[in-house]
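J.: Before I ask anything, let me first share the structure, which is written out below as C-alpha cells.
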Amino acid sequence: MKKIDINDIKSHGKFAVILRCLLSKNNITQGELARAVGLSDATITHYINGQFTPSQKNLEKIAKALNESPKVFSGDVEDYQHYLNSKEDRFSQTLNEEIKAKGITQEQFAKDIGVSRQTVNNYLNGKQVP
C-alpha cells in the first residue's frame with residue numbers, strides 16, 4: 001500500500017497528489033485524461049509531477065472528466081489515500097471487511113467459494129486476486 005506522506009505533498013503539491021489519487025480511483029491513465037480534456041500528455045505529466053498547476057479553466061475540465069467537482073482539489077489529501085492502494089490491497093481490504101461483516105471464518109469462506117484456505121489467505125494478504 002502506498003502511503004501519502006507530508007514529503008509527497010511538499011514535493012509535488014496537493015493538487016498533484018489528489019489528481020494521482022483520482023486517476024487511480026477512476027482507473028484512467030494520464031494519456032486518457034489528456035485526450036479527454038484536450039491537453040497534451042506532457043501537460044498532464046507536469047500536473048502530476050507538481051511542476052505546473054492548471055488554470056481554473058483546465059482545473060474545471062479535469063474535474064469534469066473525472067466526474068468530480070473542482071472543489072475536490074481543495075479537500076484533504078488523506079480522503080483520497082485509499083485510491084493509491086494496489087488492486088491487490090483494495091481487494092484484500094474489501095474481502096477482509098466482507099468476511100468480518102458476515103461473521104464467518106476464513107475456512108468457511110474458502111469452502112463457500114470453493115477455493116483452498118491457502119488461496120483465501122493469499123487474497124487476504126494481498127498476494128493474489130481472483
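Quick note on naming: the chains in the C-alpha cells go A, B, ... in the order shown, residues restart at 1 in each chain, and ligands are numbered from 1 in order of appearance.
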Name all residues at most 10 Å from Ile62 (chain A) (count only C-alpha atoms; drop same-chain ones fewer than 3 positions away) and give them as a ChimeraX atom specification.
T.: /A:19,33-34,36-39,44,54,56-59,65-70
J.: Would you list the contacts of Gln51 (chain A) as a ChimeraX atom specification, taking every protein, DNA or RNA residue within 9 Å and counting only C-alpha atoms, but skipping same-chain residues closer than 2 positions in sequence?
T.: /A:12-13,16,45-49,53
J.: Please list as number ranges by chain every residue within 7 Å of region 91-96 of chain A, counting only C-alpha atoms and excluding residues in the same chain fewer than 4 positions away.
T.: A: 87, 100, 123-126
J.: Take CA of Leu23 (chain A) and CA of Asn122 (chain A) and report the distance between them in Å, one decimal.
T.: 26.9 Å
J.: Rank nothing, just name the residue among A:Ala42, A:Val17, A:Val115, A:Ala101 nearest to Asp76 (chain A), using only C-alpha atoms.
T.: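 Comparing A:Ala42, A:Val17, A:Val115, A:Ala101 against Asp76 (chain A), the winner is A:Val17.
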J.: Could you please determine the separation between CA of Val120 (chain A) and CA of Ser24 (chain A) in Å, to one decimal place?
T.: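 Pair CA of Val120 (chain A) / CA of Ser24 (chain A) returns 25.2 Å.
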J.: Using DSSP secondary structure from the backbone, list all alpha helix (DSSP H) positions within chain A, as a PyMOL selection string.
T.: chain A and resi 6-12+14-26+30-37+41-48+56-65+87-102+106-113+117-124
J.: Those same residues, written as a JSON list (two decimals), in the first residue's frame with C-alpha atoms?
T.:
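Final output, out04.json:
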```json
[["chain", "number", "residue", "atom", "x", "y", "z"],
["A", 6, "ILE", "CA", 3.97, 15.09, 4.06],
["A", 7, "ASN", "CA", 7.08, 14.96, 1.85],
["A", 8, "ASP", "CA", 4.99, 13.79, -1.11],
["A", 9, "ILE", "CA", 2.68, 16.75, -0.66],
["A", 10, "LYS", "CA", 5.60, 19.15, -0.17],
["A", 11, "SER", "CA", 7.49, 17.92, -3.22],
["A", 12, "HIS", "CA", 4.54, 17.54, -5.60],
["A", 14, "LYS", "CA", -1.67, 18.95, -3.01],
["A", 15, "PHE", "CA", -3.25, 19.21, -6.46],
["A", 16, "ALA", "CA", -0.81, 16.68, -7.91],
["A", 17, "VAL", "CA", -1.36, 14.18, -5.11],
["A", 18, "ILE", "CA", -5.15, 14.41, -5.32],
["A", 19, "LEU", "CA", -5.03, 14.17, -9.11],
["A", 20, "ARG", "CA", -2.99, 10.95, -8.90],
["A", 21, "CYS", "CA", -5.49, 9.55, -6.41],
["A", 22, "LEU", "CA", -8.44, 10.42, -8.64],
["A", 23, "LEU", "CA", -6.80, 8.91, -11.71],
["A", 24, "SER", "CA", -6.32, 5.71, -9.75],
["A", 25, "LYS", "CA", -9.89, 5.85, -8.41],
["A", 26, "ASN", "CA", -11.29, 6.19, -11.93],
["A", 30, "GLN", "CA", -2.61, 10.24, -17.82],
["A", 31, "GLY", "CA", -2.93, 9.90, -21.60],
["A", 32, "GLU", "CA", -6.65, 9.19, -21.40],
["A", 33, "LEU", "CA", -7.15, 12.24, -19.20],
["A", 34, "ALA", "CA", -5.11, 14.39, -21.57],
["A", 35, "ARG", "CA", -7.27, 13.36, -24.53],
["A", 36, "ALA", "CA", -10.49, 13.82, -22.55],
["A", 37, "VAL", "CA", -9.64, 17.42, -21.63],
["A", 41, "ASP", "CA", 0.27, 14.23, -22.30],
["A", 42, "ALA", "CA", 3.23, 16.37, -21.24],
["A", 43, "THR", "CA", 0.97, 18.94, -19.60],
["A", 44, "ILE", "CA", -0.82, 16.27, -17.56],
["A", 45, "THR", "CA", 2.57, 14.81, -16.60],
["A", 46, "HIS", "CA", 3.66, 18.25, -15.40],
["A", 47, "TYR", "CA", 0.49, 18.49, -13.30],
["A", 48, "ILE", "CA", 1.07, 15.01, -11.84],
["A", 56, "GLN", "CA", -9.09, 27.46, -13.39],
["A", 57, "LYS", "CA", -10.44, 26.57, -16.84],
["A", 58, "ASN", "CA", -8.26, 23.45, -17.09],
["A", 59, "LEU", "CA", -8.96, 22.52, -13.48],
["A", 60, "GLU", "CA", -12.67, 22.54, -14.28],
["A", 61, "LYS", "CA", -12.11, 20.40, -17.40],
["A", 62, "ILE", "CA", -10.08, 17.90, -15.38],
["A", 63, "ALA", "CA", -12.67, 17.74, -12.61],
["A", 64, "LYS", "CA", -15.45, 17.20, -15.15],
["A", 65, "ALA", "CA", -13.51, 14.43, -16.91],
["A", 87, "LYS", "CA", -5.58, -3.61, -6.80],
["A", 88, "GLU", "CA", -4.46, -6.45, -4.52],
["A", 89, "ASP", "CA", -4.55, -4.19, -1.45],
["A", 90, "ARG", "CA", -8.02, -2.90, -2.30],
["A", 91, "PHE", "CA", -9.32, -6.41, -2.90],
["A", 92, "SER", "CA", -7.71, -7.67, 0.31],
["A", 93, "GLN", "CA", -9.22, -4.85, 2.34],
["A", 94, "THR", "CA", -12.69, -5.35, 0.86],
["A", 95, "LEU", "CA", -12.54, -9.11, 1.37],
["A", 96, "ASN", "CA", -11.42, -8.73, 5.00],
["A", 97, "GLU", "CA", -14.32, -6.37, 5.65],
["A", 98, "GLU", "CA", -16.78, -8.75, 3.98],
["A", 99, "ILE", "CA", -15.64, -11.79, 5.99],
["A", 100, "LYS", "CA", -15.87, -9.80, 9.23],
["A", 101, "ALA", "CA", -19.31, -8.45, 8.33],
["A", 102, "LYS", "CA", -20.60, -11.98, 7.67],
["A", 106, "GLN", "CA", -11.64, -17.84, 6.63],
["A", 107, "GLU", "CA", -12.05, -21.62, 6.39],
["A", 108, "GLN", "CA", -15.82, -21.27, 5.99],
["A", 109, "PHE", "CA", -15.37, -18.54, 3.40],
["A", 110, "ALA", "CA", -12.94, -20.74, 1.42],
["A", 111, "LYS", "CA", -15.47, -23.59, 1.49],
["A", 112, "ASP", "CA", -18.32, -21.27, 0.47],
["A", 113, "ILE", "CA", -16.50, -20.02, -2.62],
["A", 117, "ARG", "CA", -7.76, -21.98, 2.62],
["A", 118, "GLN", "CA", -4.31, -21.00, 1.26],
["A", 119, "THR", "CA", -5.94, -19.17, -1.67],
["A", 120, "VAL", "CA", -8.12, -17.18, 0.73],
["A", 121, "ASN", "CA", -5.03, -16.45, 2.82],
["A", 122, "ASN", "CA", -3.27, -15.18, -0.32],
["A", 123, "TYR", "CA", -6.27, -12.99, -1.11],
["A", 124, "LEU", "CA", -6.33, -11.57, 2.40]]
```
